[in-house]
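> final.txt (compact mmCIF, C-alpha atoms and all ligand atoms) pasted underneath:
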# COMPACT_ATOMS: atom_id res chain seq x y z
CA MET I 1 86.11 117.44 111.01
CA GLU I 2 84.02 114.33 110.40
CA LYS I 3 85.96 111.44 108.88
CA PRO I 4 83.91 111.03 105.66
CA GLU I 5 84.33 114.75 104.91
CA LEU I 6 88.09 114.53 105.50
CA LEU I 7 88.39 111.45 103.26
CA LYS I 8 86.40 113.16 100.49
CA LEU I 9 88.78 116.12 100.66
CA LEU I 10 91.76 113.74 100.69
CA ASP I 11 90.55 111.95 97.53
CA TYR I 12 90.19 115.25 95.73
CA ALA I 13 93.56 116.52 97.02
CA VAL I 14 95.32 113.34 95.82
CA ALA I 15 93.69 113.50 92.37
CA THR I 16 94.69 117.16 92.05
CA VAL I 17 98.28 116.53 93.14
CA LYS I 18 98.61 113.64 90.66
CA LYS I 19 97.46 115.92 87.82
CA ALA I 20 100.00 118.49 89.00
CA ALA I 21 102.73 115.81 89.01
CA ALA I 22 101.96 115.09 85.36
CA MET I 23 102.39 118.82 84.65
CA ALA I 24 105.81 118.79 86.34
CA LEU I 25 106.93 115.76 84.32
CA GLU I 26 105.65 117.09 80.95
CA PRO I 27 105.40 120.85 81.37
CA GLY I 28 105.03 121.65 77.67
CA MET I 29 106.54 125.07 78.32
CA GLU I 30 109.90 126.74 78.91
CA LEU I 31 111.02 126.49 82.55
CA ASN I 32 112.14 130.17 82.56
CA ILE I 33 114.26 129.96 85.71
CA THR I 34 114.57 133.03 87.96
CA ALA I 35 116.39 133.60 91.27
CA LYS I 36 114.49 134.77 94.38
CA SER I 37 116.34 135.51 97.66
CA SER I 38 119.72 134.14 96.44
CA ARG I 39 121.32 132.56 93.36
CA ASN I 40 120.40 129.08 94.66
CA ASP I 41 116.83 129.95 95.65
CA LEU I 42 115.11 129.37 92.32
CA VAL I 43 111.63 129.40 90.87
CA THR I 44 110.45 128.32 87.42
CA ASP I 45 107.33 129.13 85.49
CA VAL I 46 106.28 125.51 86.10
CA ASP I 47 106.28 126.12 89.89
CA LYS I 48 103.95 129.08 89.33
CA GLU I 49 101.73 127.23 86.85
CA ILE I 50 101.32 124.24 89.17
CA GLU I 51 100.52 126.45 92.18
CA GLN I 52 97.88 128.29 90.14
CA PHE I 53 96.36 124.98 88.98
CA ILE I 54 96.23 123.47 92.49
CA ALA I 55 94.88 126.68 94.04
CA ASN I 56 92.11 126.98 91.43
CA GLN I 57 91.07 123.35 91.87
CA LEU I 58 91.04 123.44 95.68
CA LEU I 59 89.29 126.75 95.97
CA GLU I 60 86.57 125.65 93.56
CA PHE I 61 86.08 122.28 95.31
CA SER I 62 86.27 123.35 98.95
CA GLY I 63 86.01 127.14 99.15
CA TYR I 64 88.91 127.22 101.64
CA PRO I 65 91.68 129.80 101.08
CA VAL I 66 95.09 128.72 99.77
CA LEU I 67 98.56 129.74 100.96
CA GLY I 68 101.31 128.90 98.47
CA GLU I 69 105.03 129.49 98.18
CA GLU I 70 104.76 131.20 94.80
CA GLY I 71 102.31 133.96 95.63
CA HIS I 72 99.01 132.74 97.07
CA GLN I 73 98.38 134.46 100.39
CA VAL I 74 95.82 134.20 103.16
CA ASP I 75 94.54 136.80 105.60
CA SER I 76 94.72 134.43 108.56
CA PHE I 77 95.09 130.79 109.56
CA GLU I 78 91.72 130.75 111.28
CA GLY I 79 89.51 127.84 110.23
CA ARG I 80 90.55 125.69 107.26
CA VAL I 81 93.45 126.76 105.03
CA TRP I 82 95.30 124.84 102.31
CA LEU I 83 99.10 125.07 102.24
CA VAL I 84 100.81 124.21 98.97
CA ASP I 85 104.38 123.98 97.79
CA PRO I 86 104.04 123.34 94.03
CA ILE I 87 107.62 122.03 93.80
CA ASP I 88 109.59 121.32 96.96
CA GLY I 89 113.16 120.91 95.79
CA THR I 90 113.13 123.26 92.82
CA MET I 91 116.94 122.98 92.48
CA ASN I 92 116.50 119.24 92.01
CA TYR I 93 113.70 119.82 89.50
CA ILE I 94 116.12 121.90 87.45
CA GLU I 95 119.45 120.15 88.03
CA THR I 96 119.19 116.52 89.18
CA LYS I 97 115.70 115.87 87.75
CA ARG I 98 114.69 113.71 90.74
CA ASP I 99 113.86 114.04 94.46
CA TYR I 100 111.34 116.83 94.18
CA ALA I 101 107.84 116.80 95.60
CA ILE I 102 104.45 118.42 95.52
CA SER I 103 103.39 119.14 99.08
CA LEU I 104 99.79 119.88 100.05
CA ALA I 105 98.29 120.17 103.53
CA LEU I 106 94.94 121.23 104.90
CA CYS I 107 95.25 122.99 108.26
CA GLU I 108 92.45 123.61 110.75
CA ASN I 109 93.28 126.56 113.00
CA GLY I 110 96.95 126.03 112.16
CA VAL I 111 97.03 122.26 112.79
CA PRO I 112 97.57 119.92 109.79
CA VAL I 113 94.61 117.54 109.42
CA LEU I 114 95.17 116.23 105.87
CA ALA I 115 98.44 115.74 104.00
CA VAL I 116 99.66 114.73 100.55
CA VAL I 117 103.34 114.56 99.59
CA GLN I 118 103.93 113.35 96.04
CA ASP I 119 107.41 112.09 95.14
CA VAL I 120 106.97 112.99 91.49
CA VAL I 121 109.72 110.97 89.79
CA ALA I 122 109.35 107.89 92.02
CA ASP I 123 105.54 108.14 91.60
CA LYS I 124 104.92 107.62 95.30
CA THR I 125 101.98 109.29 97.03
CA TYR I 126 102.34 109.75 100.78
CA THR I 127 99.12 110.68 102.58
CA ALA I 128 97.82 111.14 106.10
CA THR I 129 94.77 112.37 107.98
CA LEU I 130 94.77 113.42 111.61
CA GLY I 131 94.14 110.28 113.67
CA GLY I 132 93.78 108.19 110.51
CA GLY I 133 97.38 107.00 110.01
CA ALA I 134 99.94 107.55 107.27
CA TYR I 135 100.09 105.76 103.92
CA CYS I 136 102.27 105.39 100.86
CA ASN I 137 100.39 104.45 97.68
CA ASP I 138 97.43 103.43 99.90
CA LEU I 139 99.50 100.99 101.99
CA PRO I 140 99.92 101.86 105.70
CA LEU I 141 103.40 103.09 106.61
CA GLY I 142 103.21 101.44 110.01
CA ALA I 143 104.85 102.76 113.15
CA VAL I 144 108.51 103.77 113.19
CA ASN I 145 110.97 102.13 115.57
CA SER I 146 110.55 103.66 119.01
CA ASP I 147 113.44 101.98 120.80
CA ILE I 148 116.63 102.79 118.92
CA ASP I 149 119.55 105.12 119.45
CA TYR I 150 120.62 107.87 117.04
CA ARG I 151 123.94 106.05 116.66
CA GLN I 152 122.08 103.22 114.88
CA VAL I 153 120.29 105.28 112.22
CA VAL I 154 120.97 107.34 109.10
CA LEU I 155 120.35 111.06 109.63
CA LEU I 156 119.26 113.62 107.03
CA THR I 157 120.72 117.11 107.13
CA ASP I 158 122.78 119.59 105.13
CA LEU I 159 126.12 121.37 105.19
CA LYS I 160 124.45 124.61 106.31
CA GLU I 161 123.16 122.91 109.48
CA ILE I 162 126.56 121.29 110.15
CA ARG I 163 128.16 124.73 109.91
CA ALA I 164 125.51 126.36 112.13
CA LEU I 165 125.39 123.69 114.86
CA PRO I 166 128.83 123.07 116.35
CA ARG I 167 127.85 119.69 117.86
CA LEU I 168 126.19 118.25 114.75
CA ALA I 169 129.32 117.03 112.93
CA GLN I 170 130.29 114.83 115.89
CA VAL I 171 126.73 113.48 116.18
CA LEU I 172 126.74 112.56 112.48
CA GLU I 173 130.07 110.79 112.88
CA GLU I 174 128.58 108.75 115.73
CA SER I 175 125.50 107.85 113.64
CA ARG I 176 125.23 105.46 110.68
CA GLY I 177 126.01 108.46 108.48
CA HIS I 178 124.18 111.32 106.88
CA ARG I 179 122.35 111.91 103.61
CA ARG I 180 120.83 114.93 101.90
CA TYR I 181 118.16 114.74 99.19
CA GLY I 182 117.31 118.43 98.78
CA SER I 183 113.54 118.38 99.40
CA ALA I 184 112.46 118.92 102.99
CA ALA I 185 109.10 117.24 102.37
CA LEU I 186 110.71 114.12 100.90
CA GLU I 187 113.34 114.00 103.61
CA MET I 188 110.65 114.07 106.28
CA VAL I 189 108.68 111.26 104.62
CA GLU I 190 111.89 109.21 104.52
CA VAL I 191 111.83 109.45 108.32
CA ALA I 192 108.11 108.61 108.45
CA ALA I 193 108.66 105.59 106.19
CA GLY I 194 111.35 104.25 108.51
CA ARG I 195 114.30 104.60 106.15
CA ALA I 196 116.07 107.43 108.01
CA GLY I 197 115.94 108.02 111.76
CA GLY I 198 115.90 111.81 111.83
CA PHE I 199 115.88 115.04 109.82
CA ILE I 200 117.31 118.40 110.87
CA HIS I 201 116.73 121.61 108.90
CA LEU I 202 117.05 125.10 110.32
CA TRP I 203 115.24 127.16 107.69
CA VAL I 204 111.94 125.69 106.57
CA SER I 205 108.72 127.45 105.58
CA PRO I 206 105.12 126.41 106.35
CA TRP I 207 104.51 124.98 102.85
CA ASP I 208 107.71 122.87 103.01
CA ILE I 209 106.74 120.92 106.11
CA ALA I 210 103.02 121.22 106.97
CA ALA I 211 102.03 118.05 105.08
CA ALA I 212 105.12 116.02 106.01
CA THR I 213 104.70 116.99 109.68
CA LEU I 214 101.33 115.20 109.77
CA ILE I 215 102.70 112.19 107.85
CA CYS I 216 105.56 111.95 110.37
CA ARG I 217 103.29 112.29 113.40
CA GLU I 218 100.84 109.71 112.08
CA SER I 219 103.68 107.19 111.75
CA GLY I 220 104.83 107.80 115.33
CA CYS I 221 107.62 110.35 114.77
CA ILE I 222 108.15 113.41 116.94
CA VAL I 223 108.22 116.74 115.09
CA SER I 224 109.46 119.81 116.94
CA ARG I 225 111.66 122.79 116.44
CA PHE I 226 115.38 122.11 116.52
CA ASP I 227 115.56 123.01 120.25
CA GLY I 228 112.61 120.79 121.22
CA THR I 229 110.00 123.54 121.40
CA SER I 230 106.64 122.76 119.80
CA MET I 231 106.19 122.97 116.04
CA ASP I 232 103.81 125.61 114.75
CA VAL I 233 103.59 125.02 110.99
CA ARG I 234 102.31 128.58 110.45
CA GLN I 235 105.73 130.03 111.27
CA LYS I 236 109.05 129.74 109.44
CA GLY I 237 111.84 128.21 111.49
CA SER I 238 113.70 125.01 112.22
CA VAL I 239 112.52 121.41 112.29
CA LEU I 240 113.71 118.28 114.08
CA ALA I 241 111.66 115.29 112.90
CA ALA I 242 112.74 111.90 114.20
CA TRP I 243 111.77 108.54 115.62
CA PRO I 244 110.93 109.05 119.33
CA THR I 245 114.15 107.80 120.95
CA VAL I 246 116.27 109.26 118.15
CA HIS I 247 114.55 112.60 118.76
CA SER I 248 115.28 112.59 122.49
CA GLY I 249 118.88 111.48 121.92
CA LEU I 250 119.51 114.16 119.31
CA LEU I 251 117.94 116.82 121.49
CA TYR I 252 120.17 115.88 124.39
CA ARG I 253 123.38 115.70 122.35
CA LEU I 254 122.74 118.82 120.27
CA VAL I 255 121.07 121.14 122.79
CA GLN I 256 120.78 119.93 126.38
CA ALA I 257 124.09 118.18 127.18
CA PRO I 258 126.49 120.37 129.16
CA ALA I 259 129.35 121.76 127.07
P1 LIG I 301 112.12 124.75 97.93
O1 LIG I 301 112.79 123.87 96.97
O2 LIG I 301 110.64 124.74 97.85
O3 LIG I 301 112.67 126.14 97.95
C1 LIG I 301 116.38 122.58 100.45
O4 LIG I 301 117.26 122.91 101.47
C2 LIG I 301 115.01 122.32 101.01
O5 LIG I 301 114.68 123.33 101.98
C3 LIG I 301 113.94 122.42 100.02
O6 LIG I 301 112.83 121.72 100.54
C4 LIG I 301 113.66 123.90 99.94
O7 LIG I 301 112.39 124.19 99.44
C5 LIG I 301 113.71 124.21 101.42
N1 LIG I 301 114.02 125.62 101.78
C6 LIG I 301 113.10 126.58 101.94
N2 LIG I 301 113.67 127.72 102.32
C7 LIG I 301 114.99 127.49 102.43
C8 LIG I 301 116.13 128.30 102.77
N3 LIG I 301 116.00 129.58 103.12
N4 LIG I 301 117.35 127.76 102.75
C9 LIG I 301 117.49 126.47 102.41
N5 LIG I 301 116.48 125.65 102.07
C10 LIG I 301 115.22 126.15 102.08
CA CA I 302 108.98 125.32 96.38
If you convert what's in this file into structure tokens, what do you get?

Amino acid sequence: MEKPELLKLLDYAVATVKKAAAMALEPGMELNITAKSSRNDLVTDVDKEIEQFIANQLLEFSGYPVLGEEGHQVDSFEGRVWLVDPIDGTMNYIETKRDYAISLALCENGVPVLAVVQDVVADKTYTATLGGGAYCNDLPLGAVNSDIDYRQVVLLTDLKEIRALPRLAQVLEESRGHRRYGSAALEMVEVAAGRAGGFIHLWVSPWDIAAATLICRESGCIVSRFDGTSMDVRQKGSVLAAWPTVHSGLLYRLVQAPA
């Protein structure tokens, strides 16, 4: 896609996401919380309302189809498709009231080319375009450290991953320690912004990570599946997003090193 066209789409995407963030902060309606696949997999009426708003705006402006977590579906990923998670970190939206995001990506034949991740409560807008770099509130993120060991960084992951990956607890003990914020999109932009060295999650969906994958790549991070195979944001699965040498070190320690 030509750069001016991409930047025009980005401007519109950012303006739309900022309006959606205002809706999340002042919904003016009951949340009406319901459980989906499990008692901790929640959705509110605000999630649905925001997805509907973003989908309507984007479809009207661009004509491209929209895939969203709360019901918008596409026939295929051919050509240009928007991917939206209206609230990434819905548990935080309900319980901790911070660390939730609106995540919006435009994919071209399954490859993210435009990304917006809005940290709603912190009012930070992370953006990227393919080949155009990554930004936070219009300031370049700069390149992440590409010469540092996983033992010298903070890692982001969750109890479920520690339970599922026998070697992970030891790796975390060797590192500077681990954190968990509860929004995959925000955790990935922490890595892109250079505050955490790596993020490991075994069960993400396309709308959780499509935008943050581009933001990570544009700041020099490596984004792959947990076992090092290439990331296809169209498929559910695992993600290992990290600074380059942290990524290779984690891959060796978690997967490749002999038992
Ligand atoms: P959500 O809030 O949009 O559901 C929490 O672990 C983070 O992972 C959130 O970004 C959450 O997104 C996402 N997630 C998506 N599917 C998940 C799953 N099956 N188990 C755990 N987390 C999931
Ligand atoms: Ca969500």
> With 12 Å as the threshold, what does the neighbourhood of (109.6, 98.8, 101.4) contain in terms of residues, counting all atoms listed in the file? Coordinates are those of the file; answer as a list in words.
Lys124, Cys136, Asn137, Leu139, Pro140, Leu141, Gly142, Glu190, Ala193, Gly194 and Arg195 of chain I
> Which of these residues is nearest to I:Val116, using all atoms listed in the file: I:Lys18, I:His178, I:Lys8, I:Lys3?
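Checking each of I:Lys18, I:His178, I:Lys8, I:Lys3 against I:Val116, counting all atoms listed in the file, the winner is I:Lys18.
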> Find the residues near ligand CA 302 (chain I). Use a cut-off of 7 Å, count all atoms listed in the file, and write them as a list of chain:residue names.
I:Glu69, I:Asp85, I:Pro86, I:Ile87, I:Asp88, I:Gly89, I:Thr90
> Counting only C-alpha atoms and all ligand atoms, which protein, DNA or RNA residues come within 10 Å of ligand LIG 301 (chain I), given as a ChimeraX atom specification?
/I:36-38,40-43,47,69-70,84-93,99-103,157-161,180-188,201-209,236-237
> Would you mind reading off the distance between atom CA of I:Gly110 and atom CA of I:Thr245, one decimal, in Å?
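Computing the Euclidean distance for atom CA of I:Gly110 and atom CA of I:Thr245 yields 26.6 Å.
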> Counting only C-alpha atoms, which of I:Gly133, I:Pro258, I:Pro4, I:Gly249 gets nearest to I:Ser175?
I:Gly249
> Distance atom CA of I:Arg167-atom CA of I:Leu254, one decimal place?
5.7 Å
> Please compute the atom CA of I:Lys97-atom CA of I:Leu25 distance, one decimal, in Å.
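Going from atom CA of I:Lys97 over to atom CA of I:Leu25 covers 9.4 Å.
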> Between I:Val66, I:Leu250, I:Val255, I:Ala21, which one has atoms that come closest to I:Asp149, using only C-alpha atoms?
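With only C-alpha atoms as the atom set, the closest residue is I:Leu250.
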> Neighbouring residues of I:Ala128 were defined as those with any atom within 6 Å, considering all atoms listed in the file; residues of the same chain fewer than 6 positions away were excluded. Please report them as a compact mmCIF listing (two decimals) with C-alpha atoms, in the frame of the given file.

# COMPACT_ATOMS: atom_id res chain seq x y z
CA LEU I 114 95.17 116.23 105.87
CA ALA I 115 98.44 115.74 104.00
CA ALA I 134 99.94 107.55 107.27
CA ILE I 215 102.70 112.19 107.85
> I want to know what sits within 7 Å of I:Pro112, based on only C-alpha atoms, with residues of the same chain fewer than 4 positions away left out; could you give that as a compact mmCIF listing (two decimals) with C-alpha atoms, in the coordinates of the input?

# COMPACT_ATOMS: atom_id res chain seq x y z
CA ALA I 105 98.29 120.17 103.53
CA LEU I 106 94.94 121.23 104.90
CA CYS I 107 95.25 122.99 108.26
CA GLU I 108 92.45 123.61 110.75
CA ALA I 210 103.02 121.22 106.97
CA ALA I 211 102.03 118.05 105.08
CA LEU I 214 101.33 115.20 109.77
> Looking at I:His247, I:Arg179, I:His72, I:Arg217, which one is nearest to I:Gly198, with distances taken over only C-alpha atoms?
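Of all the options, I:His247 lies closest to I:Gly198.
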> Mind checking which residues fall within 9 Å of I:Asn109, counting all atoms listed in the file, ignoring those fewer than 5 positions away in the same chain, and posting them as a count of residues only?
5
> Working from the structure I just supplied, which lacks atoms in stretch 32-43 of chain I, can you model all heavy atoms there and output them as a short mmCIF file (atom, residue, chain, number, x, y, z; two decimals), in the frame of the given file?

data_model
loop_
_atom_site.label_atom_id
_atom_site.label_comp_id
_atom_site.auth_asym_id
_atom_site.auth_seq_id
_atom_site.Cartn_x
_atom_site.Cartn_y
_atom_site.Cartn_z
N ASN I 32 111.93 128.75 82.24
CA ASN I 32 112.14 130.17 82.56
C ASN I 32 112.53 130.36 84.02
O ASN I 32 111.74 130.84 84.84
CB ASN I 32 110.88 130.97 82.20
CG ASN I 32 111.14 132.47 82.29
OD1 ASN I 32 112.31 132.90 82.21
ND2 ASN I 32 110.10 133.25 82.48
N ILE I 33 113.78 129.98 84.31
CA ILE I 33 114.26 129.96 85.71
C ILE I 33 114.62 131.37 86.18
O ILE I 33 115.33 132.09 85.48
CB ILE I 33 115.53 129.07 85.80
CG1 ILE I 33 115.18 127.66 85.30
CG2 ILE I 33 116.10 129.05 87.21
CD1 ILE I 33 116.39 126.84 84.87
N THR I 34 114.15 131.75 87.37
CA THR I 34 114.57 133.03 87.96
C THR I 34 114.99 132.81 89.42
O THR I 34 114.50 131.91 90.09
CB THR I 34 113.45 134.11 87.91
OG1 THR I 34 112.23 133.54 88.36
CG2 THR I 34 113.25 134.62 86.49
N ALA I 35 115.91 133.68 89.89
CA ALA I 35 116.39 133.60 91.27
C ALA I 35 115.49 134.45 92.16
O ALA I 35 115.01 135.50 91.74
CB ALA I 35 117.84 134.07 91.34
N LYS I 36 115.30 134.00 93.41
CA LYS I 36 114.49 134.77 94.38
C LYS I 36 115.44 135.41 95.39
O LYS I 36 116.11 136.37 95.08
CB LYS I 36 113.44 133.86 95.03
CG LYS I 36 112.42 133.33 94.00
CD LYS I 36 111.20 132.72 94.67
CE LYS I 36 111.52 131.39 95.29
NZ LYS I 36 110.33 130.71 95.86
N SER I 37 115.54 134.85 96.61
CA SER I 37 116.34 135.51 97.66
C SER I 37 117.84 135.37 97.45
O SER I 37 118.62 136.17 97.96
CB SER I 37 115.96 134.94 99.03
OG SER I 37 116.26 133.56 99.07
N SER I 38 118.28 134.34 96.69
CA SER I 38 119.72 134.14 96.44
C SER I 38 119.87 133.38 95.13
O SER I 38 118.88 132.90 94.57
CB SER I 38 120.34 133.33 97.58
OG SER I 38 119.90 131.99 97.49
N ARG I 39 121.11 133.21 94.66
CA ARG I 39 121.32 132.56 93.36
C ARG I 39 120.92 131.08 93.38
O ARG I 39 120.73 130.48 92.32
CB ARG I 39 122.76 132.73 92.88
CG ARG I 39 123.81 132.09 93.77
CD ARG I 39 125.20 132.30 93.19
NE ARG I 39 125.50 131.39 92.10
CZ ARG I 39 126.02 130.16 92.26
NH1 ARG I 39 126.30 129.71 93.47
NH2 ARG I 39 126.28 129.40 91.23
N ASN I 40 120.83 130.48 94.57
CA ASN I 40 120.40 129.08 94.66
C ASN I 40 118.96 128.91 95.16
O ASN I 40 118.53 127.80 95.45
CB ASN I 40 121.36 128.29 95.57
CG ASN I 40 122.68 128.02 94.86
OD1 ASN I 40 122.73 127.97 93.63
ND2 ASN I 40 123.74 127.88 95.62
N ASP I 41 118.24 130.00 95.27
CA ASP I 41 116.83 129.95 95.65
C ASP I 41 116.04 130.27 94.38
O ASP I 41 115.84 131.43 94.04
CB ASP I 41 116.57 130.99 96.76
CG ASP I 41 115.11 130.98 97.21
OD1 ASP I 41 114.37 130.04 96.86
OD2 ASP I 41 114.71 131.94 97.90
N LEU I 42 115.63 129.19 93.68
CA LEU I 42 115.11 129.37 92.32
C LEU I 42 113.61 129.11 92.23
O LEU I 42 113.03 128.40 93.04
CB LEU I 42 115.83 128.41 91.37
CG LEU I 42 117.36 128.54 91.34
CD1 LEU I 42 117.97 127.49 90.40
CD2 LEU I 42 117.80 129.94 90.93
N VAL I 43 113.02 129.70 91.21
CA VAL I 43 111.63 129.40 90.87
C VAL I 43 111.55 129.29 89.35
O VAL I 43 112.30 129.97 88.64
CB VAL I 43 110.66 130.46 91.43
CG1 VAL I 43 110.92 131.83 90.85
CG2 VAL I 43 109.19 130.04 91.21
#
